[in-house]
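The file query-v3.cif contains mmCIF, C-alpha atoms:
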```cif
data_input
loop_
_atom_site.label_atom_id
_atom_site.label_comp_id
_atom_site.auth_asym_id
_atom_site.auth_seq_id
_atom_site.Cartn_x
_atom_site.Cartn_y
_atom_site.Cartn_z
CA MET A 1 -200.61 79.77 -249.38
CA LYS A 2 -197.15 78.58 -248.53
CA LEU A 3 -194.01 78.75 -250.55
CA ALA A 4 -192.72 75.63 -248.85
CA ILE A 5 -192.06 72.72 -251.18
CA ARG A 6 -194.15 69.69 -250.26
CA SER A 7 -192.83 67.50 -253.03
CA PHE A 8 -189.80 68.28 -255.12
CA SER A 9 -190.30 65.22 -257.28
CA ALA A 10 -190.78 67.43 -260.32
CA LEU A 11 -187.32 66.65 -261.61
CA CYS A 12 -186.98 69.34 -264.20
CA LEU A 13 -184.80 72.39 -264.60
CA LEU A 14 -187.36 74.33 -266.62
CA PHE A 15 -190.42 76.13 -265.30
CA TRP A 16 -193.55 74.77 -266.91
CA PHE A 17 -197.01 75.39 -265.55
CA LEU A 18 -199.97 73.25 -264.67
CA SER A 19 -203.56 74.22 -265.43
CA THR A 20 -205.20 72.08 -262.76
CA SER A 21 -208.49 73.10 -261.15
CA PHE A 22 -209.37 73.63 -257.52
CA ALA A 23 -211.37 70.93 -255.81
CA ALA A 24 -213.65 72.78 -253.44
CA GLU A 25 -217.34 73.33 -252.98
CA ASP A 26 -217.73 76.27 -250.66
CA ALA A 27 -216.38 79.47 -252.13
CA SER A 28 -215.48 83.03 -251.25
CA ILE A 29 -212.60 85.26 -252.27
CA ASP A 30 -210.71 84.44 -249.07
CA ARG A 31 -211.28 80.71 -249.43
CA LEU A 32 -210.32 80.77 -253.08
CA LEU A 33 -207.12 82.72 -252.56
CA SER A 34 -206.15 80.64 -249.54
CA LYS A 35 -206.06 77.64 -251.86
CA LEU A 36 -203.41 79.07 -254.12
CA PRO A 37 -200.73 76.41 -254.58
CA PRO A 38 -197.12 76.94 -253.55
CA PRO A 39 -195.00 77.98 -256.53
CA GLU A 40 -193.21 74.68 -256.91
CA LYS A 41 -196.54 72.91 -257.36
CA LEU A 42 -196.85 74.75 -260.65
CA ILE A 43 -193.74 73.09 -262.03
CA LYS A 44 -194.67 70.33 -264.41
CA PRO A 45 -192.79 67.07 -263.79
CA SER A 46 -190.51 66.30 -266.70
CA VAL A 47 -188.06 63.49 -266.17
CA GLN A 48 -187.38 63.50 -269.89
CA LYS A 49 -186.12 67.08 -269.72
CA ALA A 50 -183.94 66.24 -266.74
CA LEU A 51 -182.37 63.36 -268.61
CA GLN A 52 -181.60 65.61 -271.56
CA GLN A 53 -179.27 67.78 -269.52
CA ARG A 54 -175.61 67.66 -270.50
CA ASP A 55 -174.46 66.07 -267.31
CA PRO A 56 -172.79 62.64 -267.34
CA ALA A 57 -174.37 61.82 -263.99
CA PHE A 58 -177.79 61.63 -265.65
CA LYS A 59 -176.62 58.72 -267.79
CA ASP A 60 -175.66 56.64 -264.78
CA THR A 61 -177.92 53.79 -263.66
CA LEU A 62 -178.01 55.35 -260.18
CA THR A 63 -179.97 58.24 -261.69
CA THR A 64 -182.47 55.76 -263.10
CA TYR A 65 -182.88 54.19 -259.67
CA ALA A 66 -183.27 57.61 -258.04
CA LEU A 67 -185.90 58.69 -260.54
CA GLN A 68 -187.83 55.46 -260.05
CA ALA A 69 -187.78 56.08 -256.31
CA PHE A 70 -189.08 59.61 -256.84
CA HIS A 71 -191.84 58.27 -259.07
CA THR A 72 -193.02 55.90 -256.32
CA ARG A 73 -192.52 58.61 -253.67
CA ASN A 74 -189.93 56.48 -251.95
CA PHE A 75 -187.90 59.50 -250.89
CA PRO A 76 -185.51 57.67 -248.53
CA ALA A 77 -184.45 55.45 -251.44
CA ALA A 78 -184.20 58.49 -253.72
CA LEU A 79 -181.90 60.19 -251.22
CA LYS A 80 -179.78 57.06 -250.86
CA PHE A 81 -179.26 56.73 -254.61
CA SER A 82 -178.65 60.45 -255.11
CA ARG A 83 -176.01 60.44 -252.36
CA LYS A 84 -174.25 57.57 -254.10
CA LEU A 85 -174.52 59.53 -257.34
CA VAL A 86 -172.84 62.53 -255.71
CA ASP A 87 -170.06 60.30 -254.38
CA ARG A 88 -169.51 59.00 -257.90
CA TYR A 89 -169.79 62.44 -259.55
CA PRO A 90 -168.67 64.98 -256.92
CA HIS A 91 -168.50 67.78 -259.49
CA SER A 92 -171.94 67.16 -261.00
CA SER A 93 -174.42 69.98 -260.49
CA GLY A 94 -177.23 67.67 -261.55
CA ALA A 95 -176.34 65.01 -259.01
CA GLN A 96 -176.25 67.62 -256.23
CA THR A 97 -179.62 68.95 -257.38
CA LEU A 98 -181.17 65.48 -257.18
CA ARG A 99 -179.75 65.08 -253.68
CA GLY A 100 -181.22 68.45 -252.71
CA ILE A 101 -184.61 67.44 -254.07
CA ALA A 102 -184.66 64.18 -252.14
CA ALA A 103 -183.44 65.78 -248.93
CA TYR A 104 -186.09 68.47 -249.19
CA ASP A 105 -188.85 65.94 -249.70
CA LEU A 106 -187.70 64.37 -246.45
CA ARG A 107 -187.66 67.82 -244.78
CA GLN A 108 -183.94 67.51 -244.20
CA PHE A 109 -183.36 71.15 -244.98
CA GLY A 110 -179.74 71.29 -243.88
CA GLU A 111 -178.62 68.65 -246.36
CA ALA A 112 -180.92 70.05 -249.03
CA ALA A 113 -179.41 73.52 -248.68
CA ALA A 114 -175.89 72.12 -248.80
CA ALA A 115 -176.70 70.14 -251.93
CA PHE A 116 -178.32 73.06 -253.76
CA GLN A 117 -175.47 75.36 -252.79
CA ALA A 118 -172.97 72.78 -254.05
CA ALA A 119 -174.91 72.61 -257.33
CA VAL A 120 -174.63 76.39 -257.67
CA ASN A 121 -170.93 76.35 -256.83
CA VAL A 122 -170.32 73.82 -259.59
CA GLN A 123 -172.66 75.45 -262.06
CA PRO A 124 -173.54 79.12 -261.39
CA GLN A 125 -176.29 78.86 -264.02
CA ALA A 126 -178.15 76.13 -262.09
CA VAL A 127 -181.56 77.78 -262.08
CA PHE A 128 -183.42 75.01 -260.32
CA ALA A 129 -180.90 74.96 -257.47
CA TYR A 130 -181.53 78.67 -256.81
CA PHE A 131 -185.23 77.96 -256.72
CA GLY A 132 -184.55 75.16 -254.25
CA LEU A 133 -182.56 77.49 -252.00
CA ALA A 134 -185.43 79.99 -252.08
CA ALA A 135 -187.90 77.27 -251.17
CA ILE A 136 -185.82 76.19 -248.20
CA GLU A 137 -185.70 79.75 -246.85
CA ALA A 138 -189.43 80.15 -247.30
CA SER A 139 -190.06 76.79 -245.62
CA GLU A 140 -188.38 78.23 -242.56
CA ARG A 141 -190.43 81.42 -242.97
CA ARG A 142 -187.38 83.44 -243.88
CA TYR A 143 -189.11 85.13 -246.78
CA ALA A 144 -186.66 88.01 -247.04
CA ALA A 145 -183.81 85.52 -247.40
CA ALA A 146 -185.69 83.71 -250.17
CA ILE A 147 -185.94 86.82 -252.34
CA PRO A 148 -182.27 87.06 -253.47
CA HIS A 149 -182.38 83.45 -254.69
CA LEU A 150 -185.55 84.15 -256.65
CA GLN A 151 -183.94 87.22 -258.14
CA GLN A 152 -181.11 84.98 -259.30
CA VAL A 153 -183.68 82.78 -261.00
CA ILE A 154 -185.03 85.82 -262.83
CA ARG A 155 -181.54 86.93 -263.80
CA LEU A 156 -180.96 83.53 -265.42
CA GLN A 157 -184.51 83.04 -266.70
CA PRO A 158 -186.06 86.51 -267.24
CA HIS A 159 -189.31 85.00 -268.46
CA ALA A 160 -189.82 82.61 -265.54
CA ALA A 161 -193.30 83.62 -264.43
CA ILE A 162 -193.17 81.16 -261.54
CA ALA A 163 -190.30 83.15 -260.01
CA TYR A 164 -192.36 86.34 -260.09
CA TYR A 165 -195.29 84.41 -258.61
CA ALA A 166 -193.02 83.31 -255.75
CA LEU A 167 -191.61 86.81 -255.31
CA SER A 168 -195.14 88.17 -255.02
CA ASP A 169 -195.91 85.60 -252.35
CA CYS A 170 -192.78 86.48 -250.36
CA ALA A 171 -193.37 90.21 -250.67
CA LEU A 172 -196.96 89.79 -249.51
CA ARG A 173 -195.86 87.85 -246.46
CA LEU A 174 -193.37 90.59 -245.65
CA GLY A 175 -196.07 93.25 -245.85
CA ARG A 176 -194.68 94.74 -249.06
CA LYS A 177 -198.07 94.87 -250.66
CA GLN A 178 -197.30 97.19 -253.55
CA GLU A 179 -194.25 95.11 -254.48
CA ALA A 180 -196.42 92.00 -254.33
CA VAL A 181 -198.81 93.55 -256.84
CA GLY A 182 -195.97 94.47 -259.17
CA TYR A 183 -194.46 90.99 -259.12
CA ALA A 184 -197.86 89.38 -259.61
CA ARG A 185 -198.63 91.60 -262.58
CA LYS A 186 -195.33 90.59 -264.15
CA ALA A 187 -196.16 86.92 -263.58
CA ALA A 188 -199.56 87.37 -265.23
CA ASP A 189 -197.98 89.24 -268.15
CA LEU A 190 -195.50 86.41 -268.69
CA ALA A 191 -198.04 83.59 -268.31
CA PRO A 192 -201.42 85.13 -269.19
CA SER A 193 -203.03 81.75 -269.84
CA ASN A 194 -202.24 80.47 -266.34
CA GLY A 195 -205.12 81.11 -263.97
CA TYR A 196 -202.93 80.89 -260.88
CA MET A 197 -200.94 83.93 -261.96
CA TRP A 198 -204.14 85.99 -262.10
CA LEU A 199 -205.30 84.64 -258.74
CA GLN A 200 -202.01 85.67 -257.15
CA LEU A 201 -202.58 89.13 -258.60
CA ALA A 202 -206.07 89.10 -257.09
CA ASN A 203 -204.54 88.11 -253.76
CA ALA A 204 -202.10 91.02 -253.90
CA GLU A 205 -204.72 93.53 -255.05
CA LYS A 206 -207.03 92.42 -252.25
CA SER A 207 -204.30 93.09 -249.69
CA LEU A 208 -204.36 96.74 -250.78
CA GLY A 209 -208.15 96.90 -250.65
CA HIS A 210 -208.41 97.30 -254.42
CA THR A 211 -211.88 95.89 -255.04
CA GLU A 212 -211.94 96.47 -258.78
CA GLY A 213 -208.40 95.20 -259.22
CA THR A 214 -209.25 92.05 -257.30
CA LEU A 215 -212.40 91.42 -259.31
CA ASN A 216 -210.68 92.10 -262.62
CA ALA A 217 -207.93 89.63 -261.79
CA ILE A 218 -210.42 86.94 -260.77
CA ALA A 219 -212.36 87.61 -263.97
CA LYS A 220 -209.17 87.05 -265.97
CA ALA A 221 -208.51 83.84 -264.05
CA ALA A 222 -212.01 82.68 -264.96
CA GLN A 223 -211.49 83.63 -268.59
CA VAL A 224 -208.41 81.44 -268.90
CA SER A 225 -209.89 78.66 -266.74
CA PRO A 226 -213.25 78.03 -268.43
CA ASP A 227 -213.77 74.70 -266.66
CA ASN A 228 -213.03 75.93 -263.15
CA GLY A 229 -216.42 76.31 -261.51
CA LEU A 230 -215.02 77.58 -258.23
CA ILE A 231 -213.49 80.67 -259.81
CA PHE A 232 -216.75 81.51 -261.59
CA ALA A 233 -218.66 81.00 -258.34
CA VAL A 234 -216.38 83.35 -256.41
CA LEU A 235 -216.64 85.95 -259.15
CA GLY A 236 -220.43 85.78 -259.01
CA PHE A 237 -220.53 85.91 -255.22
CA SER A 238 -218.23 88.91 -255.25
CA TYR A 239 -220.60 90.81 -257.51
CA ILE A 240 -223.51 89.93 -255.21
CA ASN A 241 -221.65 91.31 -252.22
CA LEU A 242 -221.14 94.54 -254.13
CA ASN A 243 -224.85 94.60 -255.01
CA ARG A 244 -224.01 94.30 -258.72
CA ILE A 245 -226.57 91.58 -259.29
CA PRO A 246 -226.84 91.63 -263.11
CA GLN A 247 -223.08 91.14 -263.38
CA ALA A 248 -223.25 88.19 -261.01
CA ILE A 249 -225.62 86.17 -263.19
CA PRO A 250 -223.33 85.11 -266.12
CA PRO A 251 -220.51 83.71 -263.96
CA LEU A 252 -223.00 82.01 -261.64
CA GLN A 253 -224.76 80.42 -264.60
CA ARG A 254 -221.40 79.05 -265.72
CA ALA A 255 -220.64 77.88 -262.18
CA ALA A 256 -224.06 76.21 -261.91
CA ARG A 257 -223.29 74.12 -264.99
CA LEU A 258 -219.84 73.18 -263.72
CA LEU A 259 -220.91 72.62 -260.10
CA PRO A 260 -224.41 71.14 -260.41
CA ASN A 261 -224.35 69.79 -256.84
CA ASN A 262 -223.21 72.98 -255.15
CA TYR A 263 -226.19 74.23 -253.15
CA LEU A 264 -224.72 77.69 -252.64
CA VAL A 265 -224.21 78.30 -256.35
CA GLN A 266 -227.71 77.11 -257.21
CA SER A 267 -229.28 79.12 -254.40
CA GLN A 268 -227.45 82.37 -255.08
CA LEU A 269 -228.12 82.15 -258.81
CA GLY A 270 -231.80 81.77 -257.97
CA TYR A 271 -231.65 84.85 -255.75
CA CYS A 272 -230.04 86.90 -258.52
CA LEU A 273 -232.65 85.83 -261.05
CA ILE A 274 -235.46 86.88 -258.70
CA THR A 275 -233.81 90.25 -258.27
CA VAL A 276 -233.79 90.93 -262.01
CA GLY A 277 -237.34 89.71 -262.45
CA GLN A 278 -236.71 86.23 -263.88
CA THR A 279 -238.87 84.52 -261.28
CA GLY A 280 -239.73 81.39 -263.27
CA ALA A 281 -236.09 80.52 -263.88
CA ALA A 282 -235.23 81.41 -260.30
CA VAL A 283 -237.64 78.87 -258.81
CA GLY A 284 -235.89 75.97 -260.53
CA TYR A 285 -232.48 76.91 -259.13
CA LEU A 286 -233.86 77.66 -255.68
CA ARG A 287 -235.69 74.35 -255.47
CA LYS A 288 -232.52 72.56 -256.46
CA GLY A 289 -230.53 74.49 -253.89
CA ALA A 290 -233.06 73.55 -251.20
CA SER A 291 -232.91 69.89 -252.22
CA LEU A 292 -229.12 69.90 -252.02
CA ASN A 293 -229.07 71.51 -248.56
CA SER A 294 -232.41 71.74 -246.80
CA SER A 295 -230.81 73.37 -243.75
CA TYR A 296 -229.67 76.46 -245.68
CA GLY A 297 -232.17 79.08 -244.50
CA PRO A 298 -231.72 81.80 -247.14
CA VAL A 299 -232.72 79.47 -249.98
CA TRP A 300 -236.11 78.89 -248.34
CA GLU A 301 -236.63 82.61 -247.85
CA HIS A 302 -235.79 83.33 -251.50
CA LEU A 303 -237.97 80.45 -252.66
CA GLY A 304 -240.86 81.74 -250.56
CA VAL A 305 -240.50 85.20 -252.11
CA ALA A 306 -240.42 83.66 -255.59
CA TYR A 307 -243.59 81.72 -254.89
CA GLN A 308 -245.25 84.92 -253.64
CA LYS A 309 -244.37 86.65 -256.90
CA GLN A 310 -245.98 83.77 -258.77
CA GLY A 311 -249.11 83.92 -256.62
CA ARG A 312 -248.39 80.49 -255.16
CA ASN A 313 -249.09 81.60 -251.62
CA ARG A 314 -249.59 78.18 -250.04
CA ASP A 315 -246.21 77.09 -251.37
CA ALA A 316 -244.82 80.39 -250.13
CA VAL A 317 -246.11 79.70 -246.61
CA SER A 318 -244.42 76.30 -246.53
CA ALA A 319 -241.10 77.69 -247.77
CA LEU A 320 -241.16 80.70 -245.45
CA GLU A 321 -242.05 78.58 -242.43
CA ASN A 322 -238.86 76.65 -243.13
CA ALA A 323 -236.99 79.94 -243.49
CA THR A 324 -238.16 81.31 -240.13
CA ARG A 325 -237.40 78.00 -238.43
CA LEU A 326 -233.85 78.10 -239.77
CA LEU A 327 -233.46 81.89 -239.51
CA PRO A 328 -235.45 82.75 -236.37
CA SER A 329 -233.78 86.15 -236.04
CA SER A 330 -234.56 87.33 -239.57
CA SER A 331 -237.21 90.00 -239.32
CA LEU A 332 -237.47 90.08 -243.11
CA ALA A 333 -238.30 86.36 -243.29
CA TRP A 334 -241.02 86.85 -240.65
CA ARG A 335 -242.39 89.79 -242.57
CA HIS A 336 -242.62 87.75 -245.77
CA LEU A 337 -244.29 84.93 -243.84
CA ALA A 338 -246.84 87.37 -242.43
CA GLU A 339 -247.68 88.46 -245.97
CA ALA A 340 -248.02 84.85 -247.14
CA TYR A 341 -250.30 84.02 -244.18
CA GLN A 342 -252.47 87.03 -244.96
CA ALA A 343 -252.72 86.03 -248.61
CA THR A 344 -254.00 82.58 -247.62
CA GLY A 345 -256.57 83.95 -245.14
CA ARG A 346 -254.64 83.01 -242.02
CA SER A 347 -255.05 86.37 -240.29
CA THR A 348 -254.17 85.25 -236.79
CA GLU A 349 -250.88 83.66 -237.87
CA SER A 350 -250.21 86.78 -239.98
CA GLN A 351 -250.60 89.02 -236.95
CA ARG A 352 -248.27 86.84 -234.89
CA ALA A 353 -245.64 86.80 -237.65
CA THR A 354 -245.95 90.58 -238.01
CA ALA A 355 -245.50 91.05 -234.27
CA ARG A 356 -242.44 88.82 -234.36
CA ALA A 357 -240.94 90.83 -237.22
CA GLN A 358 -241.56 94.08 -235.35
CA GLN A 359 -240.08 92.60 -232.18
CA LEU A 360 -236.88 91.75 -234.03
CA GLY A 361 -236.69 95.33 -235.21
CA SER A 362 -236.59 96.87 -238.62
CA ALA A 363 -234.55 95.09 -241.25
CA ALA A 364 -230.94 96.15 -241.73
CA PRO A 365 -230.51 98.81 -244.46
CA ARG A 366 -229.10 96.26 -246.87
CA ALA A 367 -230.96 93.14 -245.73
CA ASN A 368 -232.53 92.69 -249.15
CA ARG A 369 -229.07 91.88 -250.48
CA LYS A 370 -228.08 88.38 -249.45
CA LYS A 371 -224.34 88.10 -249.23
CA ALA A 372 -222.83 84.94 -250.58
#
```
The structure in this file should be written as structure tokens.
Amino acid sequence: MKLAIRSFSALCLLFWFLSTSFAAEDASIDRLLSKLPPPEKLIKPSVQKALQQRDPAFKDTLTTYALQAFHTRNFPAALKFSRKLVDRYPHSSGAQTLRGIAAYDLRQFGEAAAAFQAAVNVQPQAVFAYFGLAAIEASERRYAAAIPHLQQVIRLQPHAAIAYYALSDCALRLGRKQEAVGYARKAADLAPSNGYMWLQLANAEKSLGHTEGTLNAIAKAAQVSPDNGLIFAVLGFSYINLNRIPQAIPPLQRAARLLPNNYLVQSQLGYCLITVGQTGAAVGYLRKGASLNSSYGPVWEHLGVAYQKQGRNRDAVSALENATRLLPSSSLAWRHLAEAYQATGRSTESQRATARAQQLGSAAPRANRKKA
């Protein structure tokens, strides 16, 4: 997660938050948290709010042209018009801010910094300009230098959760893990309905090795993001990895409905259902997982075990043969296959599979728990 601003075309001076969802299929805590957006991406574009500012420059037609250029992502044109606006209104904080935004979008950090600093010099209460200065420092990986600007944002806007989110990110990058947790908690307190605030808290808690804190924060993110299948999937997978299978089932069921074509969600939900004795329901999810990704070995192993529990030994043989082909080093898969062969009267194949399992060595102490 980077603090660097990729597009400053959100032309507002207020911090509003988006509730967008992640677009990803594979999921783990690390993958989820690595997809946290940079703070400025959480600012909702609001040209209307920008135009309502008491700054005569915003009533000029050059502002209209600049905003149209921003809207079409024509940043060179936006910079050209904003420069002209500054020439016409040299003491306008708003005009300098627009110039800083355009320059940043073009990665012209020197001009952007000069423009934001000029905006602050004209108007010491220019919150967005301080945020811009912080973003420039972070873009250059000077996270310590970004912090004072963010603290200015908080001084002017004490309830700006996005500033605390950004402070947490900077602190985390500087190795100040406990500070990162504190800032993230404040962000979540100020914007409890924003899932990203809770995910940043999870990120900070994870850096300290706080398993329960991480899980609790992800659970809160899921609670306030009921349509975000990825978060529910990660929560379920996390419970599996802690061998807390019953707790994994509800979030995975939610994820399975939201991500019907995600083989990993379907497969791991099937595994959990087998573990708690719901074999019939498990088979449906496992078969779907296998159909979505026939090269995923664990789903065939789990499906074979489910078939064995149902007494469908011929089906179990077929599934477990696939499992051992895809997972040739899994002694447990070979052991299950040996049992399925024996149950279907194929003693010779059973002996060979047993020998293979023994050759690979005893199963790892926790091999019966399939990590997501």
Ranking A:Leu337, A:Ala353, A:Leu273, A:Leu327 by minimum distance to Asn313 (chain A) and counting only C-alpha atoms, which one comes first?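 Closest to Asn313 (chain A) of all the choices is A:Leu337.
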Contacts of Ala217 (chain A) at 8 Å or less, counting only C-alpha atoms, minus same-chain residues fewer than 5 places along, as a list in words? Trp198, Leu199, Leu201 and Ala202 of chain A
What gap, in Å, lies between CA of Ala146 (chain A) and CA of Gly94 (chain A)?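 That distance, rounded to one decimal, is 21.4 Å.
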Quick one: distance from CA of Ala77 (chain A) to CA of Ala95 (chain A) in Å, one decimal?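 CA of Ala95 (chain A) lies at a distance of 14.6 Å from CA of Ala77 (chain A).
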Ala112 (chain A) surroundings by only C-alpha atoms, 12 Å radius, close-in-sequence under 3 positions cut, as a PyMOL selection string: chain A and resi 5+8+79+82-83+96-109+115-119+129-137+139
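Taking CA of Thr214 (chain A) as the reference point, CA of Gln178 (chain A) is found at 13.5 Å.
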So, with all atoms listed in the file as the atoms that count, which of A:Val127, A:Val305, A:Ala256, A:Ala138 lies closest to Ile231 (chain A)?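 Nearest candidate to Ile231 (chain A) out of A:Val127, A:Val305, A:Ala256, A:Ala138: A:Ala256.
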Pull out every residue that the PyMOL selection byres ((chain A and resi 233) around 9) matches in the shown coordinates and put them as a ChimeraX atom specification. /A:27-28,228-232,234-238,248,251-256,259,264-265
Going by the chain IDs and residue numbers used in this file, which residues fall under the PyMOL selection byres ((chain A and resi 164) around 12)? Write them as a ChimeraX atom specification. /A:15,39,131,147,149-155,157-163,165-171,179-191,196-198,200-201
Build an axis-aligned box that encloses every atom of region 325-341 of chain A listed in the file, pad it by 4 Å on each side, and report its centre and edge lengths in Å to one decimal, as AutoDock Vina command-line options.
```
--center_x -241.9 --center_y 84.0 --center_z -241.6 --size_x 24.8 --size_y 20.1 --size_z 19.1
```
Expand the PyMOL selection byres ((chain A and resi 308) around 10) into the individual residues it matches in the shown file, reporting them as a list of chain:residue names.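 Taken over the shown coordinates, the PyMOL selection byres ((chain A and resi 308) around 10) returns A:Thr279, A:His302, A:Leu303, A:Gly304, A:Val305, A:Ala306, A:Tyr307, A:Lys309, A:Gln310, A:Gly311, A:Arg312, A:Asn313, A:Arg314, A:Asp315, A:Ala316, A:Val317, A:His336, A:Leu337, A:Glu339, A:Ala340, A:Ala343.
Using all atoms listed in the file, the shortest contact distance between Glu321 (chain A) and any of A:Asn74, A:Ser225, A:Thr275, A:Ser350 is found at A:Ser350.
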Could you tell me which of A:Gly175, A:Gly277, A:Pro226, A:Gly284 comes closest to Leu208 (chain A) if we count only C-alpha atoms? A:Gly175
